[in-house]
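This report refers to the structure that appears directly beneath it.
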Amino acid sequence: MRKVWLFLSLLLLAIVSLFVGVHQVSLYGLMNGDETQWMLLLKTRIPRTISLILAGGMLSVCGKIMQHLMQNRFVSAGTIGMMDSARLGILLVMLLFPNGSILLRAGVAFIFAYIGVLLFLNLSRILPKGDPMILPLTGVMFGNIIGAVASFFAYQFQLVQNLSSWLQGNFATVMEGSYELIYITVPVFIILYLLAYQMTIAGLGEELATNLGMNYQLLQFIVFALVALGSSAVLIMVGNIPFLGVVIPNLVSLFYGDHLKNTMSVTVIFGSIFLLICDILSRVLIAPYEIPVSVVVGMIGGALFLFLLIRRRKG
């Protein structure tokens with residue numbers, strides 16, 4: 001599909017997203033100056049749609065970059081312990097600074113996410129090469145260990161419910177004044193896009209990139225810091241969205257190839273479209289009630305993940 005059609009599809013879904021929900025917001029009502037509908041549109045629907053577009057795009061492009069740099073199609077922020085590390089950071093803020101601001105939580109979540117990804121990078125250097133599943137499986141186990149530590153302290157200090165509700169992927173609580181931190185993903189994406197050429201070379205492997213005069217280690221540290229910043233901002237604002245960082249980059253590679261710079265914008269649009277569709281489904285499937293979008297993404301994303309695994313095995 002051409003990029004222009006993808007962009008038009010994104011625009012159409014964004015418009016649909018503005019008018020779907022428990023409370024009615026219609027074009028007729030807006031044109032007639034209905035104050036309640038205008039308030040709903042400005043305070044909740046527009047912030048929610050913007051958050052969906054930015055979160056879907058950011059998580060997808062983060063997954064794409066990590067897969068490219070680690071040369072493994074099943075790596076993402078969720079499969080190497082980055083999100084679990086950020087979760088541990090948020091828990092510590094809850095324990096030590098229960099009235100801490102959203103910026104404090106985001107800052108600590110970013111630091112822990114970055115430490116987590118650096119630990120996993122060091123761990124990946126001693127893993128046996130050859131089997132592409134070893135890296136993501138080790139990442140899942142690494143993340144589970146960190147997640148278990150976080151769960152232990154959460155149970156110990158009776159914060160399980162708070163932590164679960166905070167990190168459950170859900171856009172229902174997004175509204176004006178409480179979501180603006182997610183805008184940090186915009187400059188993060190711009191910097192990542194500017195580094196796309198260097199990342200494309202780095203994806204050829206450490207030895208070749210170093211021979212071409214690149215400081216491979218420094219680039220990795222900078223890029224993974226940006227990925228940790230973008231991912232933790234999404235986690236703080238809307239919670240954990242499973243499978244997005246794995247499935248979308250693989251689908252984009254399937255249709256558009258593996259060139260990183262040429263596919264970054266497509267990956268962002270694909271991720272945003274996928275999350276918008278899942279969110280619209282979450283609002284209409286059992287209306288007037290709403291399913292957390294993480295549940296819908298988990299179901300559809302899980303099925304697509306299995307498809308990719310089976311397709312890879314047959315290939």
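The way I read the labels, and the way they are meant: chains A, B, ... in the order of the structure tokens, residue 1 as the first residue of every chain, and ligand 1 as the first ligand shown, with later ones counted on from there.
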
Selection near Leu195 (chain A), 10 Å with only C-alpha atoms, sequence-local residues under 3 positions removed, as a ChimeraX atom specification
/A:189-192,198-200,219,222-223,261

Write out the residues from the selection above, keeping C-alpha atoms, as a compact mmCIF listing (two decimals), in the first residue's frame.
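To be explicit, this is the file written out as selection-v7.txt:
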# COMPACT_ATOMS: atom_id res chain seq x y z
CA PHE A 189 11.18 10.24 17.10
CA ILE A 190 12.75 13.19 15.24
CA ILE A 191 16.18 12.48 16.77
CA LEU A 192 15.82 8.77 16.01
CA GLN A 198 23.90 5.59 11.33
CA MET A 199 21.52 2.94 12.69
CA THR A 200 21.23 1.35 9.25
CA LEU A 219 25.57 4.96 19.06
CA ILE A 222 22.41 6.99 22.65
CA VAL A 223 19.79 5.09 20.65
CA LYS A 261 15.35 4.69 7.15

Write down as JSON, numbers by chain the residues of region 147-223 of chain A whose backbone DSSP state falls under alpha helix (DSSP H).
{"A": [147, 148, 149, 150, 151, 152, 153, 154, 155, 156, 160, 161, 162, 163, 164, 165, 166, 167, 185, 186, 187, 188, 189, 190, 191, 192, 193, 194, 196, 197, 198, 199, 200, 201, 202, 206, 207, 208, 209, 210, 211, 216, 217, 218, 219, 220, 221, 222, 223]}

Nearest residue to Val75 (chain A) out of A:Pro249, A:Gly177, A:Gly302, A:Gly29, using only C-alpha atoms?
A:Pro249

Could you tell me how far CA of Leu163 (chain A) lies from CA of Ile291 (chain A), in Å and to one decimal?
18.5 Å

Distance query Asn170 (chain A) at most 10 Å, only C-alpha atoms, self and fewer than 5 positions along chain excluded, as a PDB file with all heavy atoms, in the first residue's frame:
ATOM      1  N   SER A 165      -3.397  -1.076  38.260  1.00  0.00           N
ATOM      2  CA  SER A 165      -4.295  -0.113  37.615  1.00  0.00           C
ATOM      3  C   SER A 165      -3.503   0.976  36.905  1.00  0.00           C
ATOM      4  O   SER A 165      -3.893   1.474  35.851  1.00  0.00           O
ATOM      5  CB  SER A 165      -5.240   0.509  38.643  1.00  0.00           C
ATOM      6  OG  SER A 165      -4.493   1.176  39.643  1.00  0.00           O
ATOM      7  N   MET A 237       2.115   7.210  30.741  1.00  0.00           N
ATOM      8  CA  MET A 237       0.884   7.886  30.345  1.00  0.00           C
ATOM      9  C   MET A 237      -0.292   6.936  30.134  1.00  0.00           C
ATOM     10  O   MET A 237      -1.404   7.227  30.557  1.00  0.00           O
ATOM     11  CB  MET A 237       1.132   8.682  29.049  1.00  0.00           C
ATOM     12  CG  MET A 237       1.966   9.927  29.224  1.00  0.00           C
ATOM     13  SD  MET A 237       1.144  11.195  30.226  1.00  0.00           S
ATOM     14  CE  MET A 237       1.805  10.888  31.831  1.00  0.00           C
ATOM     15  N   VAL A 238      -0.055   5.796  29.471  1.00  0.00           N
ATOM     16  CA  VAL A 238      -1.191   4.933  29.108  1.00  0.00           C
ATOM     17  C   VAL A 238      -1.029   3.485  29.541  1.00  0.00           C
ATOM     18  O   VAL A 238      -1.943   2.677  29.359  1.00  0.00           O
ATOM     19  CB  VAL A 238      -1.448   4.963  27.579  1.00  0.00           C
ATOM     20  CG1 VAL A 238      -1.836   6.364  27.147  1.00  0.00           C
ATOM     21  CG2 VAL A 238      -0.238   4.500  26.796  1.00  0.00           C
ATOM     22  N   GLY A 239       0.131   3.115  30.115  1.00  0.00           N
ATOM     23  CA  GLY A 239       0.309   1.746  30.579  1.00  0.00           C
ATOM     24  C   GLY A 239       0.996   0.858  29.555  1.00  0.00           C
ATOM     25  O   GLY A 239       1.485   1.327  28.520  1.00  0.00           O
ATOM     26  N   ASN A 240       0.997  -0.415  29.861  1.00  0.00           N
ATOM     27  CA  ASN A 240       1.719  -1.385  29.026  1.00  0.00           C
ATOM     28  C   ASN A 240       0.850  -1.870  27.869  1.00  0.00           C
ATOM     29  O   ASN A 240      -0.275  -2.329  28.074  1.00  0.00           O
ATOM     30  CB  ASN A 240       2.138  -2.574  29.901  1.00  0.00           C
ATOM     31  CG  ASN A 240       3.076  -3.507  29.180  1.00  0.00           C
ATOM     32  OD1 ASN A 240       3.767  -3.098  28.242  1.00  0.00           O
ATOM     33  ND2 ASN A 240       3.099  -4.748  29.573  1.00  0.00           N
ATOM     34  N   ILE A 241       1.365  -1.776  26.643  1.00  0.00           N
ATOM     35  CA  ILE A 241       0.654  -2.260  25.457  1.00  0.00           C
ATOM     36  C   ILE A 241       1.451  -3.441  24.904  1.00  0.00           C
ATOM     37  O   ILE A 241       2.521  -3.245  24.334  1.00  0.00           O
ATOM     38  CB  ILE A 241       0.543  -1.169  24.364  1.00  0.00           C
ATOM     39  CG1 ILE A 241       0.028   0.153  24.954  1.00  0.00           C
ATOM     40  CG2 ILE A 241      -0.342  -1.646  23.228  1.00  0.00           C
ATOM     41  CD1 ILE A 241      -1.394   0.113  25.414  1.00  0.00           C
ATOM     42  N   ASP A 279      -8.334   0.269  19.761  1.00  0.00           N
ATOM     43  CA  ASP A 279      -9.035   1.117  20.726  1.00  0.00           C
ATOM     44  C   ASP A 279     -10.500   1.297  20.348  1.00  0.00           C
ATOM     45  O   ASP A 279     -11.381   1.294  21.219  1.00  0.00           O
ATOM     46  CB  ASP A 279      -8.337   2.475  20.821  1.00  0.00           C
ATOM     47  CG  ASP A 279      -8.951   3.336  21.896  1.00  0.00           C
ATOM     48  OD1 ASP A 279      -8.806   2.990  23.092  1.00  0.00           O
ATOM     49  OD2 ASP A 279      -9.596   4.349  21.571  1.00  0.00           O
ATOM     50  N   SER A 282     -12.216  -1.767  21.318  1.00  0.00           N
ATOM     51  CA  SER A 282     -12.377  -1.858  22.782  1.00  0.00           C
ATOM     52  C   SER A 282     -13.556  -1.026  23.262  1.00  0.00           C
ATOM     53  O   SER A 282     -14.146  -1.298  24.299  1.00  0.00           O
ATOM     54  CB  SER A 282     -11.088  -1.395  23.476  1.00  0.00           C
ATOM     55  OG  SER A 282     -10.968   0.016  23.441  1.00  0.00           O
ATOM     56  N   GLU A 290     -16.406  -0.565  28.384  1.00  0.00           N
ATOM     57  CA  GLU A 290     -15.188  -0.480  27.591  1.00  0.00           C
ATOM     58  C   GLU A 290     -14.157  -1.504  28.069  1.00  0.00           C
ATOM     59  O   GLU A 290     -13.947  -1.668  29.264  1.00  0.00           O
ATOM     60  CB  GLU A 290     -14.603   0.936  27.695  1.00  0.00           C
ATOM     61  CG  GLU A 290     -13.385   1.154  26.821  1.00  0.00           C
ATOM     62  CD  GLU A 290     -12.928   2.599  26.822  1.00  0.00           C
ATOM     63  OE1 GLU A 290     -13.765   3.507  26.975  1.00  0.00           O
ATOM     64  OE2 GLU A 290     -11.717   2.819  26.673  1.00  0.00           O
ATOM     65  N   ILE A 291     -13.530  -2.187  27.132  1.00  0.00           N
ATOM     66  CA  ILE A 291     -12.472  -3.144  27.460  1.00  0.00           C
ATOM     67  C   ILE A 291     -11.137  -2.402  27.424  1.00  0.00           C
ATOM     68  O   ILE A 291     -10.917  -1.595  26.519  1.00  0.00           O
ATOM     69  CB  ILE A 291     -12.434  -4.280  26.415  1.00  0.00           C
ATOM     70  CG1 ILE A 291     -13.798  -4.931  26.272  1.00  0.00           C
ATOM     71  CG2 ILE A 291     -11.387  -5.324  26.772  1.00  0.00           C
ATOM     72  CD1 ILE A 291     -13.897  -5.874  25.071  1.00  0.00           C
ATOM     73  N   PRO A 292     -10.219  -2.652  28.386  1.00  0.00           N
ATOM     74  CA  PRO A 292      -8.887  -2.035  28.266  1.00  0.00           C
ATOM     75  C   PRO A 292      -8.260  -2.401  26.934  1.00  0.00           C
ATOM     76  O   PRO A 292      -8.305  -3.546  26.487  1.00  0.00           O
ATOM     77  CB  PRO A 292      -8.101  -2.653  29.438  1.00  0.00           C
ATOM     78  CG  PRO A 292      -9.144  -3.038  30.422  1.00  0.00           C
ATOM     79  CD  PRO A 292     -10.347  -3.442  29.621  1.00  0.00           C
ATOM     80  N   VAL A 293      -7.670  -1.409  26.270  1.00  0.00           N
ATOM     81  CA  VAL A 293      -7.130  -1.640  24.926  1.00  0.00           C
ATOM     82  C   VAL A 293      -6.013  -2.689  24.946  1.00  0.00           C
ATOM     83  O   VAL A 293      -5.783  -3.386  23.950  1.00  0.00           O
ATOM     84  CB  VAL A 293      -6.636  -0.311  24.318  1.00  0.00           C
ATOM     85  CG1 VAL A 293      -5.366   0.163  24.996  1.00  0.00           C
ATOM     86  CG2 VAL A 293      -6.423  -0.449  22.829  1.00  0.00           C
ATOM     87  N   SER A 294      -5.326  -2.821  26.094  1.00  0.00           N
ATOM     88  CA  SER A 294      -4.253  -3.827  26.176  1.00  0.00           C
ATOM     89  C   SER A 294      -4.798  -5.240  25.976  1.00  0.00           C
ATOM     90  O   SER A 294      -4.105  -6.115  25.453  1.00  0.00           O
ATOM     91  CB  SER A 294      -3.528  -3.722  27.521  1.00  0.00           C
ATOM     92  OG  SER A 294      -4.435  -3.909  28.584  1.00  0.00           O
ATOM     93  N   VAL A 295      -6.063  -5.466  26.386  1.00  0.00           N
ATOM     94  CA  VAL A 295      -6.677  -6.789  26.214  1.00  0.00           C
ATOM     95  C   VAL A 295      -6.898  -7.064  24.715  1.00  0.00           C
ATOM     96  O   VAL A 295      -6.584  -8.150  24.212  1.00  0.00           O
ATOM     97  CB  VAL A 295      -8.017  -6.874  26.977  1.00  0.00           C
ATOM     98  CG1 VAL A 295      -8.715  -8.201  26.700  1.00  0.00           C
ATOM     99  CG2 VAL A 295      -7.776  -6.696  28.475  1.00  0.00           C
TER     100      VAL A 295
END

Please build the interface table for region 222-281 of chain A against region 1-25 of chain A with a cut-off of 8 Å, listing for each qualifying residue the nearest atom pair and the distance in Å to one decimal; count only C-alpha atoms, order rows by chain and increasing number, and write it as a Markdown table.
| residue | atom | partner | partner_atom | distance |
| --- | --- | --- | --- | --- |
| A:Val266 | CA | A:Lys3 | CA | 7.0 |
| A:Ile269 | CA | A:Phe7 | CA | 6.9 |
| A:Phe270 | CA | A:Leu6 | CA | 7.6 |
| A:Ser272 | CA | A:Leu10 | CA | 7.2 |
| A:Ile273 | CA | A:Leu10 | CA | 5.5 |
| A:Leu276 | CA | A:Leu13 | CA | 6.6 |
| A:Ile277 | CA | A:Leu13 | CA | 7.3 |
| A:Ile280 | CA | A:Ser17 | CA | 6.3 |

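In this structure, CA of Tyr179 (chain A) sits 12.0 Å away from CA of Arg45 (chain A).
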
Atomic distance CA of Phe274 (chain A) - CA of Gly56 (chain A), expressed in Å with one decimal:
7.3 Å

Please, which residues in region 146-257 of chain A fall within 12 Å of region 90-113 of chain A when counting only C-alpha atoms, and what is the closest atom pair and distance in Å to one decimal for each, ordered by chain then residue number, as CSV?
residue,atom,partner,partner_atom,distance
A:Ile146,CA,A:Phe112,CA,10.7
A:Gly147,CA,A:Leu91,CA,10.7
A:Val149,CA,A:Leu91,CA,10.3
A:Ala150,CA,A:Leu91,CA,6.9
A:Ser151,CA,A:Leu91,CA,9.1
A:Phe152,CA,A:Leu91,CA,10.7
A:Phe153,CA,A:Leu91,CA,8.1
A:Ala154,CA,A:Leu91,CA,7.1
A:Tyr155,CA,A:Leu91,CA,11.0
A:Gln156,CA,A:Leu95,CA,10.7
A:Phe157,CA,A:Leu95,CA,7.9
A:Gln158,CA,A:Leu95,CA,10.1
A:Leu159,CA,A:Leu91,CA,8.1
A:Val160,CA,A:Leu91,CA,9.4
A:Gln161,CA,A:Leu91,CA,11.5
A:Asn162,CA,A:Met94,CA,9.0
A:Leu163,CA,A:Leu91,CA,7.0
A:Ser164,CA,A:Leu91,CA,10.4
A:Trp166,CA,A:Ile90,CA,9.4
A:Leu167,CA,A:Ile90,CA,9.4
A:Gly177,CA,A:Ile102,CA,11.4
A:Ser178,CA,A:Ile102,CA,9.0
A:Tyr179,CA,A:Ile102,CA,10.0
A:Glu180,CA,A:Ile102,CA,10.6
A:Leu181,CA,A:Leu103,CA,8.1
A:Ile182,CA,A:Ala106,CA,10.3
A:Ile184,CA,A:Ala106,CA,10.9
A:Phe224,CA,A:Ala113,CA,9.6
A:Ala225,CA,A:Phe110,CA,8.3
A:Leu226,CA,A:Phe110,CA,9.5
A:Val227,CA,A:Ala113,CA,9.2
A:Ala228,CA,A:Ala113,CA,5.6
A:Leu229,CA,A:Phe110,CA,5.4
A:Gly230,CA,A:Phe110,CA,8.5
A:Ser231,CA,A:Phe110,CA,8.2
A:Ser232,CA,A:Phe110,CA,5.4
A:Ala233,CA,A:Ala106,CA,6.3
A:Val234,CA,A:Ala106,CA,9.4
A:Leu235,CA,A:Ala106,CA,8.7
A:Ile236,CA,A:Ala106,CA,6.1
A:Met237,CA,A:Ala106,CA,8.8
A:Val238,CA,A:Ala106,CA,12.0
A:Gly239,CA,A:Ile90,CA,11.4

Between A:Leu59, A:Leu54, A:Leu119, A:Leu42, which residue has the minimum interatomic distance to Ser85 (chain A), considering only C-alpha atoms?
A:Leu119

Do a neighbour search on Asn144 (chain A) at 12 Å with only C-alpha atoms, toss out local chain neighbours closer than 5 positions, and write the hits as a PyMOL selection string.
chain A and resi 78-85+87-88+137-139+149-152
